Amino acid sequence: MFNRSQIQSDLAALLGIVTALVVIGLLFVYSSSSIYAAQNYGYAHYFLKKQCIGVVLGLIAFFVARRLSSEIIYSMTPAFFLGSLALTIATLFPQLSHHIHGSSRWLAFKGFSFQPSELLKIACIMYLARILSKQHKESFTRFSGYIPFLIIIGLVTIVLLKQPDFGLAMTLLATSITLLFIAGLPVLHLLCAGMGLVTLIGLLIYAQPYRMRRILTFLDPWKDPQGAGFQIIQSLIAVGSGGWWGSGISNSKQKFFYLPMQHTDFIFSIITEETGFIGGSLIILLYALFTYFGIKIAWQLKNPFAILTTIGFVTLTSLQALINIFVVTGLLPTKGIGLPFISYGNSSLLCFLGMMGIIAHFADKDGT
């Protein structure tokens with residue numbers, strides 16, 4: 001039986017965790033980027049100021065999403081998906097896109113840039129949840145039942161790989177398999193899908209030499225310490241030098257132009273350098289609690305669309321956090337994926353807080 005006080009208590013815990021992650025992000029975006037910002041932009045608060053703008057925009061997205069009616073969210077999902085897909089496709093045109101580190105993931109307009117793939121991952125999960133919520137379990141016994149699902153995830157994967165954004169494409173594929181499992185996909189079919197995903201990953205790695213180089217660098221970064229292995233070696237130095245309690249907030253040495261992308265993809269390295277094993281473990285604990293309360297909220301909802309969307313959002317966020325932490329600690333090859341709610345990036349922060357607004361809406365309305 002639905003217990004409104006219980007779901008609101010769980011929502012409060014979830015939002016409290018998100019608030020803590022955002023505040024930690026603001027603190028360490030400044031700590032990790034201050035030297036780089038002062039050197040390149042003239043003042044140390046440059047990235048902190050922009051991240052604060054992202055928080056404000058994210059809060060607006062949160063409250064708007066929380067106030068929308070369930071009917072609007074459900075009915076606008078197809079248009080939201082097609083619109084975000086079109087915007088992401090637009091990044092493939094050089095005259096519209098802004099290239100960073102060899103990827104065309106950003107749309108640029110009069111000095112402003114936005115990463116539409118962040119919108120696409122929200123829209124994709126919602127659209128898949130919409131389709132699966134209407135699907136009967138019996139349809140999974142026929143191949144025709146998979147066709148809409150395969151078309152959507154296939155289109156999204158192709159577009160993301162063209163940017164290229166291999167990390168997000170694989171994270172969305174893994175989230176999609178999770179949604180299929182929750183929706184009632186037979187275990188044998190799920191295993192086949194998992195094996196297909198592993199095979200696809202292998203083929204995609206083999207097809208692109210730079211991905212193969214990342215694998216070789218992951219296996220032995222010290223083979224090229226001043227080249228391909230430089231970033232992960234510097235990250236491991238940062239993580240290892242933190243010890244139990246760290247060097248103290250703002251006392252990182254790796255942020256002095258040793259560790260690239262120290263305020264974005266590799267911010268966890270700076271956090272562990274400055275707060276040590278204890279601080280890094282606290283971050284991991286917060287993400288574990290986020291997963292727990294997010295899934296707990298989902299199972300208290302009644303509407304299948306709300307359940308699947310909430311689980312999709314929680315799974316995507318948790319997977320992205322896990323992959324990021326694994327990358328910076330040398331347990332996975334580099335992927336170009338930020339740490340949710342913490343890494344610098346207005347597009348990411350805006351969309352993650354928007355996802356939380358949708359989850360809060362479902363919790364408020366009991367998914368009906």
# chains A, B, ... in the order shown; residues from 1 in each chain; ligands from 1

$ select_by_dssp --residues "stretch 66-197 of chain A" --states "strand (DSSP E)" --output "ChimeraX atom specification"
/A:97-100,103-109,112-114

$ write_last_selection --atoms "C-alpha atoms" --output "mmCIF file, in the first residue's frame"
data_model
loop_
_atom_site.group_PDB
_atom_site.id
_atom_site.type_symbol
_atom_site.label_atom_id
_atom_site.label_comp_id
_atom_site.auth_asym_id
_atom_site.auth_seq_id
_atom_site.Cartn_x
_atom_site.Cartn_y
_atom_site.Cartn_z
ATOM 1 C CA SER A 97 29.229 22.643 -33.307
ATOM 2 C CA HIS A 98 31.989 23.530 -30.889
ATOM 3 C CA HIS A 99 34.871 21.031 -30.748
ATOM 4 C CA ILE A 100 36.562 20.188 -27.458
ATOM 5 C CA SER A 103 34.663 15.666 -29.947
ATOM 6 C CA SER A 104 31.805 17.683 -31.450
ATOM 7 C CA ARG A 105 29.349 17.386 -28.542
ATOM 8 C CA TRP A 106 28.472 21.066 -28.098
ATOM 9 C CA LEU A 107 26.267 23.472 -30.008
ATOM 10 C CA ALA A 108 27.705 26.988 -30.043
ATOM 11 C CA PHE A 109 25.720 30.205 -30.423
ATOM 12 C CA PHE A 112 27.261 30.213 -25.455
ATOM 13 C CA SER A 113 27.585 26.442 -25.750
ATOM 14 C CA PHE A 114 25.296 23.604 -24.782
#

$ residues_around --residues "A:Ala37" --least-positions-apart "5" --cutoff "9 Å" --atoms "only C-alpha atoms" --output "list in words"
Gly42, Tyr43, Ala44, His45, Tyr46 and Phe47 of chain A

$ atom_distance --atom1 "atom CA of A:Asn324" --atom2 "atom CA of A:Ser343"
10.1 Å

$ atom_distance --atom1 "atom CA of A:Tyr258" --atom2 "atom CA of A:Leu331"
20.4 Å

$ closest_atom_pairs --of "stretch 125-182 of chain A" --to "stretch 311-314 of chain A" --cutoff "8 Å" --atoms "only C-alpha atoms" --output "CSV"
residue,atom,partner,partner_atom,distance
A:Ile125,CA,A:Gly312,CA,6.0
A:Met126,CA,A:Gly312,CA,8.0
A:Ala129,CA,A:Gly312,CA,7.9
A:Thr175,CA,A:Gly312,CA,6.3
A:Ser176,CA,A:Gly312,CA,7.7
A:Thr178,CA,A:Gly312,CA,7.7
A:Leu179,CA,A:Gly312,CA,6.5

$ closest_residue --among "A:Leu204, A:Ala174, A:Ala90, A:Ile131" --to "A:Leu316" --atoms "only C-alpha atoms"
A:Ala174

$ residues_around --residues "A:Phe218" --least-positions-apart "3" --cutoff "7 Å" --atoms "only C-alpha atoms" --output "number ranges by chain"
A: 214-215, 221, 330, 332-333

$ residues_around --residues "stretch 302-310 of chain A" --least-positions-apart "5" --cutoff "12 Å" --atoms "only C-alpha atoms" --output "ChimeraX atom specification"
/A:1-3,11,70-71,73-75,77,121-136,175-184,291,293-297,315-317,355-368

$ atom_distance --atom1 "atom CA of A:Thr19" --atom2 "atom CA of A:Gln254"
26.9 Å

$ select_by_dssp --residues "stretch 49-260 of chain A" --states "helix (DSSP H, G or I)" --output "VMD selection string"
chain A and resid 49 to 67 70 to 90 116 to 134 137 to 141 143 to 162 166 to 183 187 to 207 209 to 219 221 to 223 230 to 241

$ closest_residue --among "A:Lys335, A:Gln208, A:Ala238, A:Ser318" --to "A:Ile271" --atoms "only C-alpha atoms"
A:Ala238

$ residues_around --residues "A:Leu286" --least-positions-apart "3" --cutoff "12 Å" --atoms "only C-alpha atoms" --output "list in words"
Ala13, Leu14, Leu15, Gly16, Ile17, Val18, Thr19, Ala20, Leu21, Val22, Ile24, Gly279, Gly280, Ser281, Leu282, Ile283, Leu289, Phe290, Thr291, Tyr292, Phe293, Gly294, Ser318, Ala321, Leu322, Pro340, Phe341 and Ile342 of chain A

$ write_last_selection --atoms "N, CA and C atoms" --output "PDB file, in the first residue's frame"
ATOM      1  N   ALA A  13      15.339  12.501   1.641  1.00  0.00           N
ATOM      2  CA  ALA A  13      16.688  11.939   1.774  1.00  0.00           C
ATOM      3  C   ALA A  13      17.426  12.011   0.442  1.00  0.00           C
ATOM      4  N   LEU A  14      16.734  11.658  -0.652  1.00  0.00           N
ATOM      5  CA  LEU A  14      17.356  11.690  -1.977  1.00  0.00           C
ATOM      6  C   LEU A  14      17.785  13.107  -2.340  1.00  0.00           C
ATOM      7  N   LEU A  15      16.906  14.071  -2.129  1.00  0.00           N
ATOM      8  CA  LEU A  15      17.228  15.452  -2.467  1.00  0.00           C
ATOM      9  C   LEU A  15      18.317  16.011  -1.548  1.00  0.00           C
ATOM     10  N   GLY A  16      18.353  15.545  -0.313  1.00  0.00           N
ATOM     11  CA  GLY A  16      19.431  15.946   0.591  1.00  0.00           C
ATOM     12  C   GLY A  16      20.780  15.464   0.094  1.00  0.00           C
ATOM     13  N   ILE A  17      20.814  14.234  -0.412  1.00  0.00           N
ATOM     14  CA  ILE A  17      22.051  13.671  -0.973  1.00  0.00           C
ATOM     15  C   ILE A  17      22.481  14.466  -2.201  1.00  0.00           C
ATOM     16  N   VAL A  18      21.526  14.778  -3.079  1.00  0.00           N
ATOM     17  CA  VAL A  18      21.829  15.555  -4.278  1.00  0.00           C
ATOM     18  C   VAL A  18      22.367  16.936  -3.896  1.00  0.00           C
ATOM     19  N   THR A  19      21.747  17.567  -2.900  1.00  0.00           N
ATOM     20  CA  THR A  19      22.217  18.875  -2.428  1.00  0.00           C
ATOM     21  C   THR A  19      23.654  18.788  -1.943  1.00  0.00           C
ATOM     22  N   ALA A  20      23.966  17.743  -1.179  1.00  0.00           N
ATOM     23  CA  ALA A  20      25.328  17.559  -0.676  1.00  0.00           C
ATOM     24  C   ALA A  20      26.316  17.399  -1.829  1.00  0.00           C
ATOM     25  N   LEU A  21      25.939  16.626  -2.847  1.00  0.00           N
ATOM     26  CA  LEU A  21      26.821  16.417  -4.000  1.00  0.00           C
ATOM     27  C   LEU A  21      27.046  17.719  -4.761  1.00  0.00           C
ATOM     28  N   VAL A  22      25.991  18.517  -4.923  1.00  0.00           N
ATOM     29  CA  VAL A  22      26.121  19.785  -5.635  1.00  0.00           C
ATOM     30  C   VAL A  22      27.022  20.746  -4.864  1.00  0.00           C
ATOM     31  N   ILE A  24      29.377  19.947  -2.676  1.00  0.00           N
ATOM     32  CA  ILE A  24      30.739  19.408  -2.799  1.00  0.00           C
ATOM     33  C   ILE A  24      31.309  19.763  -4.176  1.00  0.00           C
ATOM     34  N   GLY A 279      37.533  11.059   2.415  1.00  0.00           N
ATOM     35  CA  GLY A 279      36.705  11.909   1.568  1.00  0.00           C
ATOM     36  C   GLY A 279      36.205  11.179   0.332  1.00  0.00           C
ATOM     37  N   GLY A 280      37.084  10.394  -0.308  1.00  0.00           N
ATOM     38  CA  GLY A 280      36.667   9.622  -1.466  1.00  0.00           C
ATOM     39  C   GLY A 280      35.593   8.610  -1.112  1.00  0.00           C
ATOM     40  N   SER A 281      35.744   7.968   0.046  1.00  0.00           N
ATOM     41  CA  SER A 281      34.751   6.989   0.492  1.00  0.00           C
ATOM     42  C   SER A 281      33.410   7.652   0.780  1.00  0.00           C
ATOM     43  N   LEU A 282      33.447   8.871   1.297  1.00  0.00           N
ATOM     44  CA  LEU A 282      32.201   9.605   1.560  1.00  0.00           C
ATOM     45  C   LEU A 282      31.451   9.871   0.252  1.00  0.00           C
ATOM     46  N   ILE A 283      32.185  10.247  -0.795  1.00  0.00           N
ATOM     47  CA  ILE A 283      31.555  10.478  -2.099  1.00  0.00           C
ATOM     48  C   ILE A 283      30.898   9.193  -2.598  1.00  0.00           C
ATOM     49  N   LEU A 289      23.950   5.691  -1.461  1.00  0.00           N
ATOM     50  CA  LEU A 289      22.681   6.083  -0.829  1.00  0.00           C
ATOM     51  C   LEU A 289      21.715   6.684  -1.851  1.00  0.00           C
ATOM     52  N   PHE A 290      22.263   7.426  -2.814  1.00  0.00           N
ATOM     53  CA  PHE A 290      21.433   7.957  -3.895  1.00  0.00           C
ATOM     54  C   PHE A 290      20.735   6.807  -4.633  1.00  0.00           C
ATOM     55  N   THR A 291      21.493   5.771  -4.948  1.00  0.00           N
ATOM     56  CA  THR A 291      20.924   4.609  -5.642  1.00  0.00           C
ATOM     57  C   THR A 291      19.859   3.935  -4.788  1.00  0.00           C
ATOM     58  N   TYR A 292      20.156   3.762  -3.517  1.00  0.00           N
ATOM     59  CA  TYR A 292      19.219   3.084  -2.612  1.00  0.00           C
ATOM     60  C   TYR A 292      17.893   3.839  -2.518  1.00  0.00           C
ATOM     61  N   PHE A 293      17.956   5.118  -2.230  1.00  0.00           N
ATOM     62  CA  PHE A 293      16.707   5.885  -2.055  1.00  0.00           C
ATOM     63  C   PHE A 293      15.990   6.081  -3.391  1.00  0.00           C
ATOM     64  N   GLY A 294      16.740   6.210  -4.480  1.00  0.00           N
ATOM     65  CA  GLY A 294      16.108   6.343  -5.787  1.00  0.00           C
ATOM     66  C   GLY A 294      15.318   5.108  -6.172  1.00  0.00           C
ATOM     67  N   SER A 318      23.896   6.504 -11.467  1.00  0.00           N
ATOM     68  CA  SER A 318      24.780   5.647 -10.683  1.00  0.00           C
ATOM     69  C   SER A 318      25.859   5.016 -11.553  1.00  0.00           C
ATOM     70  N   ALA A 321      28.473   7.656 -12.408  1.00  0.00           N
ATOM     71  CA  ALA A 321      29.355   7.898 -11.262  1.00  0.00           C
ATOM     72  C   ALA A 321      30.353   6.752 -11.103  1.00  0.00           C
ATOM     73  N   LEU A 322      29.864   5.525 -11.228  1.00  0.00           N
ATOM     74  CA  LEU A 322      30.726   4.353 -11.072  1.00  0.00           C
ATOM     75  C   LEU A 322      31.812   4.336 -12.138  1.00  0.00           C
ATOM     76  N   PRO A 340      28.538  12.895 -11.853  1.00  0.00           N
ATOM     77  CA  PRO A 340      27.232  13.561 -11.750  1.00  0.00           C
ATOM     78  C   PRO A 340      27.123  14.498 -10.549  1.00  0.00           C
ATOM     79  N   PHE A 341      26.590  15.686 -10.785  1.00  0.00           N
ATOM     80  CA  PHE A 341      26.340  16.738  -9.799  1.00  0.00           C
ATOM     81  C   PHE A 341      27.614  17.409  -9.297  1.00  0.00           C
ATOM     82  N   ILE A 342      28.783  16.844  -9.581  1.00  0.00           N
ATOM     83  CA  ILE A 342      30.030  17.364  -9.024  1.00  0.00           C
ATOM     84  C   ILE A 342      30.921  17.984 -10.083  1.00  0.00           C
TER      85      ILE A 342
END
